[in-house]
Structure formats: C-alpha cells, structure tokens
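**Student:** Hey, dropping structure_2.cif in here, mmCIF, N, CA and C atoms:
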data_my_file
loop_
_atom_site.label_atom_id
_atom_site.label_comp_id
_atom_site.auth_asym_id
_atom_site.auth_seq_id
_atom_site.Cartn_x
_atom_site.Cartn_y
_atom_site.Cartn_z
N MET A 15 -36.31 41.45 -18.42
CA MET A 15 -35.19 40.82 -17.78
C MET A 15 -35.69 39.67 -16.92
N VAL A 16 -34.87 38.69 -16.88
CA VAL A 16 -35.19 37.51 -16.08
C VAL A 16 -34.32 37.54 -14.83
N SER A 17 -34.94 37.41 -13.71
CA SER A 17 -34.15 37.38 -12.48
C SER A 17 -33.80 35.92 -12.15
N ILE A 18 -32.59 35.73 -11.78
CA ILE A 18 -32.12 34.40 -11.44
C ILE A 18 -32.00 34.31 -9.93
N SER A 19 -32.71 33.37 -9.39
CA SER A 19 -32.63 33.20 -7.93
C SER A 19 -31.44 32.30 -7.61
N GLU A 20 -30.69 32.69 -6.64
CA GLU A 20 -29.52 31.92 -6.25
C GLU A 20 -29.90 30.93 -5.17
N GLU A 21 -29.51 29.69 -5.42
CA GLU A 21 -29.73 28.66 -4.42
C GLU A 21 -28.47 28.54 -3.58
N PRO A 22 -28.64 28.20 -2.34
CA PRO A 22 -27.45 28.05 -1.51
C PRO A 22 -26.55 26.95 -2.06
N ALA A 23 -25.26 27.25 -2.11
CA ALA A 23 -24.30 26.28 -2.63
C ALA A 23 -24.12 25.16 -1.62
N THR A 24 -24.25 23.96 -2.12
CA THR A 24 -24.03 22.80 -1.26
C THR A 24 -22.81 22.06 -1.74
N ASN A 25 -22.15 21.43 -0.84
CA ASN A 25 -20.96 20.67 -1.18
C ASN A 25 -21.40 19.28 -1.67
N LYS A 26 -21.26 19.05 -2.96
CA LYS A 26 -21.70 17.79 -3.54
C LYS A 26 -20.80 16.64 -3.13
N ASN A 27 -19.55 16.93 -2.83
CA ASN A 27 -18.61 15.88 -2.44
C ASN A 27 -18.95 15.28 -1.09
N SER A 28 -19.56 16.06 -0.22
CA SER A 28 -19.86 15.54 1.12
C SER A 28 -20.89 14.43 1.07
N SER A 29 -21.82 14.48 0.12
CA SER A 29 -22.81 13.42 0.03
C SER A 29 -22.25 12.17 -0.64
N LEU A 30 -21.16 12.30 -1.40
CA LEU A 30 -20.57 11.17 -2.09
C LEU A 30 -19.55 10.42 -1.25
N GLU A 31 -19.07 11.03 -0.18
CA GLU A 31 -18.07 10.39 0.65
C GLU A 31 -18.67 9.23 1.41
N LYS A 32 -17.89 8.15 1.46
CA LYS A 32 -18.34 6.97 2.19
C LYS A 32 -17.83 7.07 3.62
N PRO A 33 -18.61 6.58 4.56
CA PRO A 33 -18.12 6.58 5.94
C PRO A 33 -16.95 5.61 6.05
N GLU A 34 -16.01 5.95 6.91
CA GLU A 34 -14.81 5.15 7.10
C GLU A 34 -15.18 3.81 7.74
N MET A 35 -14.68 2.73 7.15
CA MET A 35 -14.93 1.39 7.70
C MET A 35 -13.98 1.13 8.86
N SER A 36 -14.40 0.34 9.80
CA SER A 36 -13.53 -0.02 10.92
C SER A 36 -12.52 -1.06 10.46
N TYR A 37 -11.48 -1.23 11.25
CA TYR A 37 -10.44 -2.21 10.93
C TYR A 37 -11.03 -3.61 10.85
N GLU A 38 -11.91 -3.96 11.75
CA GLU A 38 -12.52 -5.28 11.78
C GLU A 38 -13.37 -5.53 10.54
N ALA A 39 -14.07 -4.50 10.08
CA ALA A 39 -14.88 -4.64 8.87
C ALA A 39 -14.00 -4.85 7.65
N LYS A 40 -12.87 -4.15 7.61
CA LYS A 40 -11.92 -4.33 6.49
C LYS A 40 -11.32 -5.73 6.52
N CYS A 41 -11.03 -6.23 7.71
CA CYS A 41 -10.45 -7.57 7.84
C CYS A 41 -11.43 -8.64 7.39
N SER A 42 -12.71 -8.41 7.59
CA SER A 42 -13.71 -9.40 7.17
C SER A 42 -13.81 -9.50 5.64
N LEU A 43 -13.32 -8.49 4.93
CA LEU A 43 -13.38 -8.49 3.46
C LEU A 43 -12.11 -9.02 2.80
N THR A 44 -11.13 -9.45 3.59
CA THR A 44 -9.87 -9.92 3.03
C THR A 44 -10.03 -11.30 2.40
N ILE A 45 -9.08 -11.62 1.51
CA ILE A 45 -9.08 -12.91 0.82
C ILE A 45 -8.56 -13.99 1.76
N PRO A 46 -8.88 -15.25 1.48
CA PRO A 46 -8.48 -16.33 2.40
C PRO A 46 -6.97 -16.54 2.52
N ILE A 47 -6.20 -16.18 1.50
CA ILE A 47 -4.75 -16.42 1.57
C ILE A 47 -4.00 -15.28 2.25
N ALA A 48 -4.70 -14.28 2.75
CA ALA A 48 -4.06 -13.10 3.35
C ALA A 48 -3.53 -13.41 4.74
N LYS A 49 -2.45 -14.16 4.77
CA LYS A 49 -1.80 -14.50 6.02
C LYS A 49 -0.30 -14.35 5.82
N PRO A 50 0.42 -13.67 6.60
CA PRO A 50 0.11 -13.01 7.86
C PRO A 50 -0.54 -11.64 7.64
N LEU A 51 -1.65 -11.42 8.30
CA LEU A 51 -2.37 -10.15 8.21
C LEU A 51 -1.91 -9.24 9.34
N ALA A 52 -1.55 -8.03 8.99
CA ALA A 52 -1.05 -7.07 9.98
C ALA A 52 -2.15 -6.68 10.96
N THR A 53 -1.76 -6.50 12.21
CA THR A 53 -2.70 -6.03 13.22
C THR A 53 -3.00 -4.55 12.96
N LYS A 54 -3.93 -4.01 13.70
CA LYS A 54 -4.30 -2.60 13.54
C LYS A 54 -3.11 -1.68 13.81
N LYS A 55 -2.38 -1.98 14.88
CA LYS A 55 -1.23 -1.17 15.26
C LYS A 55 -0.10 -1.29 14.22
N LEU A 56 0.16 -2.50 13.75
CA LEU A 56 1.20 -2.71 12.74
C LEU A 56 0.82 -2.05 11.42
N SER A 57 -0.47 -2.11 11.08
CA SER A 57 -0.93 -1.47 9.84
C SER A 57 -0.64 0.02 9.86
N LYS A 58 -0.91 0.67 10.99
CA LYS A 58 -0.64 2.11 11.10
C LYS A 58 0.84 2.39 10.92
N LYS A 59 1.69 1.55 11.53
CA LYS A 59 3.13 1.74 11.40
C LYS A 59 3.59 1.51 9.97
N LEU A 60 3.00 0.53 9.29
CA LEU A 60 3.36 0.27 7.90
C LEU A 60 2.96 1.42 6.99
N TYR A 61 1.77 1.98 7.22
CA TYR A 61 1.32 3.11 6.41
C TYR A 61 2.24 4.32 6.62
N LYS A 62 2.68 4.52 7.85
CA LYS A 62 3.60 5.61 8.16
C LYS A 62 4.94 5.38 7.47
N CYS A 63 5.40 4.14 7.48
CA CYS A 63 6.65 3.77 6.81
C CYS A 63 6.53 3.98 5.30
N CYS A 64 5.37 3.67 4.73
CA CYS A 64 5.14 3.88 3.29
C CYS A 64 5.23 5.35 2.95
N LYS A 65 4.68 6.19 3.80
CA LYS A 65 4.71 7.63 3.57
C LYS A 65 6.14 8.16 3.57
N ILE A 66 6.95 7.69 4.52
CA ILE A 66 8.35 8.12 4.61
C ILE A 66 9.14 7.61 3.42
N ALA A 67 8.91 6.35 3.03
CA ALA A 67 9.63 5.76 1.90
C ALA A 67 9.27 6.44 0.58
N THR A 68 8.04 6.90 0.47
CA THR A 68 7.63 7.61 -0.74
C THR A 68 8.38 8.93 -0.87
N LYS A 69 8.54 9.63 0.25
CA LYS A 69 9.29 10.89 0.22
C LYS A 69 10.75 10.65 -0.12
N ALA A 70 11.30 9.51 0.33
CA ALA A 70 12.69 9.17 0.07
C ALA A 70 12.88 8.52 -1.31
N LYS A 71 11.79 8.28 -2.02
CA LYS A 71 11.80 7.66 -3.34
C LYS A 71 12.46 6.28 -3.32
N SER A 72 12.15 5.52 -2.30
CA SER A 72 12.66 4.16 -2.20
C SER A 72 11.50 3.18 -2.15
N ILE A 73 10.65 3.27 -3.16
CA ILE A 73 9.43 2.47 -3.18
C ILE A 73 9.15 2.01 -4.60
N ARG A 74 8.59 0.81 -4.72
CA ARG A 74 8.07 0.30 -5.99
C ARG A 74 6.62 -0.05 -5.74
N ARG A 75 5.74 0.34 -6.66
CA ARG A 75 4.32 0.07 -6.47
C ARG A 75 3.74 -0.60 -7.70
N GLY A 76 2.77 -1.45 -7.46
CA GLY A 76 2.10 -2.15 -8.55
C GLY A 76 2.66 -3.54 -8.76
N THR A 77 1.83 -4.43 -9.27
CA THR A 77 2.23 -5.82 -9.42
C THR A 77 3.39 -6.00 -10.39
N LYS A 78 3.36 -5.30 -11.49
CA LYS A 78 4.39 -5.48 -12.51
C LYS A 78 5.75 -4.97 -12.02
N ALA A 79 5.79 -3.79 -11.47
CA ALA A 79 7.06 -3.20 -11.00
C ALA A 79 7.63 -3.96 -9.82
N VAL A 80 6.78 -4.39 -8.89
CA VAL A 80 7.25 -5.12 -7.72
C VAL A 80 7.77 -6.50 -8.12
N GLY A 81 7.04 -7.19 -8.98
CA GLY A 81 7.49 -8.50 -9.44
C GLY A 81 8.82 -8.43 -10.15
N LYS A 82 9.00 -7.43 -10.98
CA LYS A 82 10.25 -7.23 -11.70
C LYS A 82 11.40 -6.95 -10.73
N SER A 83 11.15 -6.10 -9.74
CA SER A 83 12.18 -5.75 -8.76
C SER A 83 12.58 -6.95 -7.91
N ILE A 84 11.61 -7.77 -7.53
CA ILE A 84 11.92 -8.96 -6.74
C ILE A 84 12.76 -9.94 -7.55
N ARG A 85 12.39 -10.13 -8.81
CA ARG A 85 13.16 -11.05 -9.66
C ARG A 85 14.57 -10.56 -9.91
N LYS A 86 14.75 -9.24 -9.95
CA LYS A 86 16.09 -8.67 -10.13
C LYS A 86 16.95 -8.83 -8.88
N GLY A 87 16.31 -9.05 -7.73
CA GLY A 87 17.05 -9.26 -6.49
C GLY A 87 17.14 -8.04 -5.60
N GLU A 88 16.30 -7.05 -5.82
CA GLU A 88 16.30 -5.88 -4.94
C GLU A 88 15.79 -6.28 -3.57
N LYS A 89 16.40 -5.71 -2.54
CA LYS A 89 16.07 -6.06 -1.16
C LYS A 89 15.15 -5.03 -0.53
N GLY A 90 14.36 -5.47 0.42
CA GLY A 90 13.43 -4.61 1.13
C GLY A 90 12.35 -5.47 1.74
N PHE A 91 11.14 -4.93 1.89
CA PHE A 91 10.02 -5.74 2.33
C PHE A 91 8.77 -5.38 1.54
N VAL A 92 7.89 -6.37 1.43
CA VAL A 92 6.72 -6.27 0.55
C VAL A 92 5.46 -6.15 1.40
N ILE A 93 4.59 -5.22 1.00
CA ILE A 93 3.28 -5.04 1.63
C ILE A 93 2.23 -5.35 0.57
N ILE A 94 1.36 -6.29 0.87
CA ILE A 94 0.35 -6.75 -0.08
C ILE A 94 -1.03 -6.42 0.49
N ALA A 95 -1.90 -5.89 -0.36
CA ALA A 95 -3.27 -5.60 0.07
C ALA A 95 -4.06 -6.90 0.15
N GLY A 96 -4.90 -7.02 1.15
CA GLY A 96 -5.63 -8.25 1.38
C GLY A 96 -7.01 -8.31 0.76
N ASP A 97 -7.43 -7.26 0.08
CA ASP A 97 -8.79 -7.27 -0.48
C ASP A 97 -8.78 -7.24 -2.01
N ILE A 98 -7.81 -7.92 -2.60
CA ILE A 98 -7.66 -7.93 -4.06
C ILE A 98 -8.55 -9.02 -4.66
N SER A 99 -9.21 -8.66 -5.74
CA SER A 99 -10.02 -9.62 -6.46
C SER A 99 -9.74 -9.45 -7.95
N PRO A 100 -9.42 -10.47 -8.67
CA PRO A 100 -9.25 -11.87 -8.35
C PRO A 100 -7.93 -12.14 -7.61
N ILE A 101 -7.92 -13.23 -6.88
CA ILE A 101 -6.76 -13.59 -6.06
C ILE A 101 -5.53 -13.84 -6.92
N ASP A 102 -5.73 -14.29 -8.15
CA ASP A 102 -4.62 -14.64 -9.04
C ASP A 102 -3.67 -13.48 -9.29
N VAL A 103 -4.13 -12.26 -9.11
CA VAL A 103 -3.31 -11.08 -9.37
C VAL A 103 -2.11 -11.04 -8.42
N ILE A 104 -2.32 -11.45 -7.16
CA ILE A 104 -1.25 -11.34 -6.16
C ILE A 104 -0.83 -12.67 -5.55
N SER A 105 -1.40 -13.77 -6.00
CA SER A 105 -1.14 -15.06 -5.35
C SER A 105 0.30 -15.53 -5.49
N HIS A 106 1.04 -15.02 -6.46
CA HIS A 106 2.43 -15.46 -6.66
C HIS A 106 3.43 -14.68 -5.81
N PHE A 107 3.04 -13.58 -5.22
CA PHE A 107 3.98 -12.75 -4.45
C PHE A 107 4.53 -13.42 -3.19
N PRO A 108 3.72 -14.13 -2.40
CA PRO A 108 4.33 -14.81 -1.25
C PRO A 108 5.41 -15.81 -1.65
N ILE A 109 5.21 -16.50 -2.76
CA ILE A 109 6.20 -17.48 -3.23
C ILE A 109 7.47 -16.77 -3.68
N LEU A 110 7.32 -15.71 -4.43
CA LEU A 110 8.49 -14.93 -4.86
C LEU A 110 9.27 -14.39 -3.66
N CYS A 111 8.54 -13.89 -2.68
CA CYS A 111 9.18 -13.32 -1.49
C CYS A 111 9.94 -14.39 -0.70
N GLU A 112 9.34 -15.56 -0.57
CA GLU A 112 9.99 -16.63 0.17
C GLU A 112 11.22 -17.15 -0.56
N GLU A 113 11.18 -17.20 -1.89
CA GLU A 113 12.35 -17.63 -2.67
C GLU A 113 13.51 -16.65 -2.50
N GLN A 114 13.18 -15.35 -2.47
CA GLN A 114 14.21 -14.31 -2.34
C GLN A 114 14.51 -13.95 -0.89
N LYS A 115 13.84 -14.63 0.05
CA LYS A 115 14.00 -14.37 1.49
C LYS A 115 13.67 -12.92 1.86
N LEU A 116 12.58 -12.43 1.28
CA LEU A 116 12.08 -11.09 1.59
C LEU A 116 10.90 -11.20 2.55
N PRO A 117 10.84 -10.37 3.58
CA PRO A 117 9.66 -10.39 4.44
C PRO A 117 8.47 -9.76 3.72
N TYR A 118 7.29 -10.28 3.99
CA TYR A 118 6.07 -9.73 3.41
C TYR A 118 4.95 -9.78 4.44
N VAL A 119 3.97 -8.91 4.25
CA VAL A 119 2.82 -8.85 5.16
C VAL A 119 1.62 -8.34 4.36
N TYR A 120 0.45 -8.76 4.78
CA TYR A 120 -0.79 -8.30 4.18
C TYR A 120 -1.41 -7.22 5.05
N VAL A 121 -1.98 -6.21 4.40
CA VAL A 121 -2.77 -5.19 5.09
C VAL A 121 -4.21 -5.32 4.60
N PRO A 122 -5.19 -4.91 5.37
CA PRO A 122 -6.59 -5.18 5.02
C PRO A 122 -7.12 -4.51 3.76
N ALA A 123 -6.71 -3.28 3.45
CA ALA A 123 -7.37 -2.55 2.36
C ALA A 123 -6.38 -1.92 1.40
N ARG A 124 -6.64 -2.09 0.11
CA ARG A 124 -5.75 -1.48 -0.90
C ARG A 124 -5.96 0.02 -1.01
N SER A 125 -7.15 0.49 -0.67
CA SER A 125 -7.39 1.93 -0.71
C SER A 125 -6.53 2.65 0.33
N ASP A 126 -6.39 2.04 1.51
CA ASP A 126 -5.55 2.62 2.55
C ASP A 126 -4.08 2.59 2.14
N LEU A 127 -3.68 1.52 1.45
CA LEU A 127 -2.30 1.40 0.99
C LEU A 127 -1.98 2.47 -0.05
N GLY A 128 -2.93 2.74 -0.94
CA GLY A 128 -2.75 3.80 -1.92
C GLY A 128 -2.71 5.17 -1.28
N ALA A 129 -3.57 5.38 -0.29
CA ALA A 129 -3.59 6.67 0.41
C ALA A 129 -2.31 6.90 1.20
N ALA A 130 -1.70 5.83 1.70
CA ALA A 130 -0.47 5.97 2.48
C ALA A 130 0.70 6.47 1.64
N ILE A 131 0.67 6.19 0.35
CA ILE A 131 1.75 6.67 -0.52
C ILE A 131 1.38 7.96 -1.23
N GLY A 132 0.25 8.51 -0.86
CA GLY A 132 -0.17 9.80 -1.42
C GLY A 132 -0.80 9.70 -2.78
N SER A 133 -1.43 8.58 -3.08
CA SER A 133 -2.05 8.38 -4.38
C SER A 133 -3.56 8.30 -4.22
N ASN A 134 -4.28 8.78 -5.21
CA ASN A 134 -5.73 8.66 -5.19
C ASN A 134 -6.16 7.28 -5.67
N THR A 135 -5.25 6.57 -6.35
CA THR A 135 -5.52 5.25 -6.88
C THR A 135 -5.17 4.18 -5.85
N PRO A 136 -6.02 3.20 -5.63
CA PRO A 136 -5.66 2.11 -4.71
C PRO A 136 -4.44 1.35 -5.22
N CYS A 137 -3.68 0.80 -4.32
CA CYS A 137 -2.45 0.10 -4.67
C CYS A 137 -2.52 -1.32 -4.12
N SER A 138 -2.18 -2.31 -4.94
CA SER A 138 -2.29 -3.70 -4.50
C SER A 138 -1.02 -4.23 -3.85
N VAL A 139 0.15 -3.80 -4.32
CA VAL A 139 1.41 -4.31 -3.80
C VAL A 139 2.43 -3.19 -3.75
N LEU A 140 3.22 -3.17 -2.68
CA LEU A 140 4.31 -2.21 -2.53
C LEU A 140 5.58 -2.93 -2.13
N LEU A 141 6.70 -2.48 -2.65
CA LEU A 141 8.00 -2.95 -2.20
C LEU A 141 8.73 -1.74 -1.67
N ILE A 142 9.07 -1.77 -0.40
CA ILE A 142 9.85 -0.70 0.21
C ILE A 142 11.30 -1.14 0.19
N LEU A 143 12.11 -0.41 -0.55
CA LEU A 143 13.50 -0.80 -0.77
C LEU A 143 14.38 -0.49 0.42
N LYS A 144 15.36 -1.33 0.60
CA LYS A 144 16.33 -1.14 1.66
C LYS A 144 17.44 -0.25 1.11
N LYS A 145 17.64 0.89 1.74
CA LYS A 145 18.68 1.82 1.32
C LYS A 145 20.03 1.37 1.87
N LYS A 146 21.06 1.52 1.05
CA LYS A 146 22.40 1.20 1.50
C LYS A 146 22.89 2.34 2.40
N LYS A 147 23.54 1.97 3.49
CA LYS A 147 24.05 2.99 4.41
C LYS A 147 25.35 3.56 3.86
N VAL A 148 25.46 4.86 3.96
CA VAL A 148 26.65 5.55 3.51
C VAL A 148 27.58 5.71 4.71
N PRO A 149 28.83 5.32 4.57
CA PRO A 149 29.76 5.50 5.70
C PRO A 149 29.86 6.97 6.10
N THR A 150 29.97 7.22 7.40
CA THR A 150 30.00 8.60 7.89
C THR A 150 31.27 9.32 7.46
N ALA A 151 32.35 8.59 7.16
CA ALA A 151 33.60 9.21 6.74
C ALA A 151 33.46 9.89 5.38
N THR A 152 32.58 9.35 4.51
CA THR A 152 32.40 9.94 3.19
C THR A 152 31.51 11.17 3.23
N LEU A 153 30.76 11.36 4.31
CA LEU A 153 29.89 12.50 4.43
C LEU A 153 30.62 13.79 4.79
N ARG A 154 31.84 13.68 5.29
CA ARG A 154 32.58 14.86 5.74
C ARG A 154 33.20 15.57 4.63
#
As structure tokens, what does this structure read like?
**Tutor:**
Amino acid sequence: MVSISEEPATNKNSSLEKPEMSYEAKCSLTIPIAKPLATKKLSKKLYKCCKIATKAKSIRRGTKAVGKSIRKGEKGFVIIAGDISPIDVISHFPILCEEQKLPYVYVPARSDLGAAIGSNTPCSVLLILKKKKVPTATLR
C-alpha cells in the first residue's frame, strides 16, 4: 500500500487576487476624453445607484444596448467607464447624449462599474432609465 501524505490546503484564489487600486491611481489610467470625470464621492453614489437600478431592472448595459436605447429616445442618465481601450468604442456616446439632452458622466474604472451591477464582467457603458411615476390614486 502506498500512503498518501496530505498537504495543507491553501487558498489558491488569495494569491491571484490583485490589491485594490486607489481612486487616484484609477484616475491616472483614464482616457483623455473622460470629462466630466466623477469625483470619489460621486463615484460611490453612482455605484450605489447602479446597484439599486439593477434590482429594479431599469438599466441597460453595454455599448450596443445603450446606443440603441439612446437612439430610441429612452430617458435616464449614462455612466461611461473612463479606462476603455480603444477610445473609439465609446467616443460617440457623449455626442449621442448631448443630442438627446441626456446627462452623462465618466467613472474611472470599468471593473468597478461591472461590480456595481453585480456582474463579474467589466462594463463599459450603462444607461439608468428614468421610471415613470405612478399616480398615488391608481395604487389604492
């Protein structure tokens, strides 16, 4: 019989995790057209808003879906990641937003934007839709 010696189990994922970058380090990696760039405090609020909108299912994500929704005339506000390469992928969104009079803002990292909506995949563009208010008389 062969005896098998057991080695202590180590967590392989812990060695693969990257240390969290600071907000300033993420800002230094943004593209030159990323203006207006959200401040640290505003970024946190936007990520929180993304999380709430995801639960309410009032969100569009990805360049194709967001571009289509903007052209259709859906209202809301657009959040664009500032570390996208190549720039051509998102360079048309500020123009589309200004034509449709939609507010838009850049956040420093697409990985954080993807994490805010509960996805493991980074997200380059989000459209948070404006929900129509239901009159209180119809709720009774």
**Student:** May I ask which of the residues A:Ala95, A:Asn134, A:Lys58, A:Gly90 is the closest one to Ser72 in chain A, counting only C-alpha atoms?
**Tutor:**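 Comparing A:Ala95, A:Asn134, A:Lys58, A:Gly90 against Ser72 in chain A, the winner is A:Gly90.
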**Student:** Between CA of His106 in chain A and atom N of Arg85 in chain A, what is the spacing in Å?
**Tutor:**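 The value is 11.5 Å.
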**Student:** With only N, CA and C atoms as the atoms that count, which of A:Glu38, A:Lys54, A:Phe91, A:Lys71 lies nearest to Lys144 in chain A?
**Tutor:**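 Using only N, CA and C atoms, the shortest distance to Lys144 in chain A belongs to A:Phe91.
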**Student:** Taking only C-alpha atoms into account, which of A:Ala130, A:Leu56, A:Ala123, A:Ile84 comes nearest Ser36 in chain A?
**Tutor:**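 For Ser36 in chain A, the nearest of the candidates is A:Ala123.
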**Student:** Closest to Lys89 in chain A among A:Leu116, A:Ala129, A:Ile45, A:Ala39, using all atoms listed in the file?
**Tutor:**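 Smallest distance to Lys89 in chain A is found for A:Leu116.
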**Student:** Quick one: pick out all strand (DSSP E) residues within range 65-143 of chain A from a backbone DSSP run and write them as JSON, numbers by chain.
**Tutor:** {"A": [73, 74, 75, 90, 91, 92, 93, 94, 95, 118, 119, 120, 121, 139, 140, 141, 142, 143]}
**Student:** Nearest to Pro136 in chain A among A:Lys49, A:Lys40, A:Arg124, A:Ala70, with distances taken over only C-alpha atoms: which residue is it?
**Tutor:**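 Closest residue, counting only C-alpha atoms: A:Arg124.
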**Student:** List every residue of chain A that DSSP, applied to the backbone of this structure, assigns to alpha helix (DSSP H), and report them as a PyMOL selection string.
**Tutor:** chain A and resi 26-30+37-42+54-69+77-86+107-114+124-130+150-153
**Student:** Just checking: using all atoms listed in the file, which residue out of A:Val92, A:Leu43, A:Ile131, A:Val139 ends up closest to Lys69 in chain A?
**Tutor:**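 Distance minimum relative to Lys69 in chain A lands on A:Ile131.
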**Student:** Just the residues within 6.5 Å of Gly76 in chain A, please, counting all atoms listed in the file, with nothing from its chain fewer than 4 positions along; format it as a PDB file with N, CA and C atoms, in the frame of the given file.
**Tutor:**
ATOM      1  N   VAL A  80       6.780  -4.390  -8.890  1.00  0.00           N
ATOM      2  CA  VAL A  80       7.250  -5.120  -7.720  1.00  0.00           C
ATOM      3  C   VAL A  80       7.770  -6.500  -8.120  1.00  0.00           C
ATOM      4  N   GLY A  81       7.040  -7.190  -8.980  1.00  0.00           N
ATOM      5  CA  GLY A  81       7.490  -8.500  -9.440  1.00  0.00           C
ATOM      6  C   GLY A  81       8.820  -8.430 -10.150  1.00  0.00           C
ATOM      7  N   CYS A 137      -3.680   0.800  -4.320  1.00  0.00           N
ATOM      8  CA  CYS A 137      -2.450   0.100  -4.670  1.00  0.00           C
ATOM      9  C   CYS A 137      -2.520  -1.320  -4.120  1.00  0.00           C
ATOM     10  N   SER A 138      -2.180  -2.310  -4.940  1.00  0.00           N
ATOM     11  CA  SER A 138      -2.290  -3.700  -4.500  1.00  0.00           C
ATOM     12  C   SER A 138      -1.020  -4.230  -3.850  1.00  0.00           C
ATOM     13  N   VAL A 139       0.150  -3.800  -4.320  1.00  0.00           N
ATOM     14  CA  VAL A 139       1.410  -4.310  -3.800  1.00  0.00           C
ATOM     15  C   VAL A 139       2.430  -3.190  -3.750  1.00  0.00           C
ATOM     16  N   LEU A 140       3.220  -3.170  -2.680  1.00  0.00           N
ATOM     17  CA  LEU A 140       4.310  -2.210  -2.530  1.00  0.00           C
ATOM     18  C   LEU A 140       5.580  -2.930  -2.130  1.00  0.00           C
ATOM     19  N   LEU A 141       6.700  -2.480  -2.650  1.00  0.00           N
ATOM     20  CA  LEU A 141       8.000  -2.950  -2.200  1.00  0.00           C
ATOM     21  C   LEU A 141       8.730  -1.740  -1.670  1.00  0.00           C
TER      22      LEU A 141
END
**Student:** Name all residues at most 9 Å from Ile47 in chain A (count only C-alpha atoms; drop same-chain ones fewer than 4 positions away) and give them as a PyMOL selection string.
**Tutor:** chain A and resi 96+101+105
**Student:** Using CA of Pro46 in chain A and CA of Lys62 in chain A as the two end points, give the distance in Å to one decimal.
**Tutor:** 25.7 Å
**Student:** Between atom C of Cys64 in chain A and atom N of Gly132 in chain A, measure the distance and give it in Å to one decimal.
**Tutor:**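 Atom-to-atom, atom C of Cys64 in chain A and atom N of Gly132 in chain A are spaced 7.0 Å apart.
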**Student:** Give as a ChimeraX atom specification the residues that the PyMOL selection byres (((chain A and resi 120 and name CA) around 7) and name CA) matches when applied to the coordinates above.
**Tutor:** /A:48-52,93-96,119,121-122
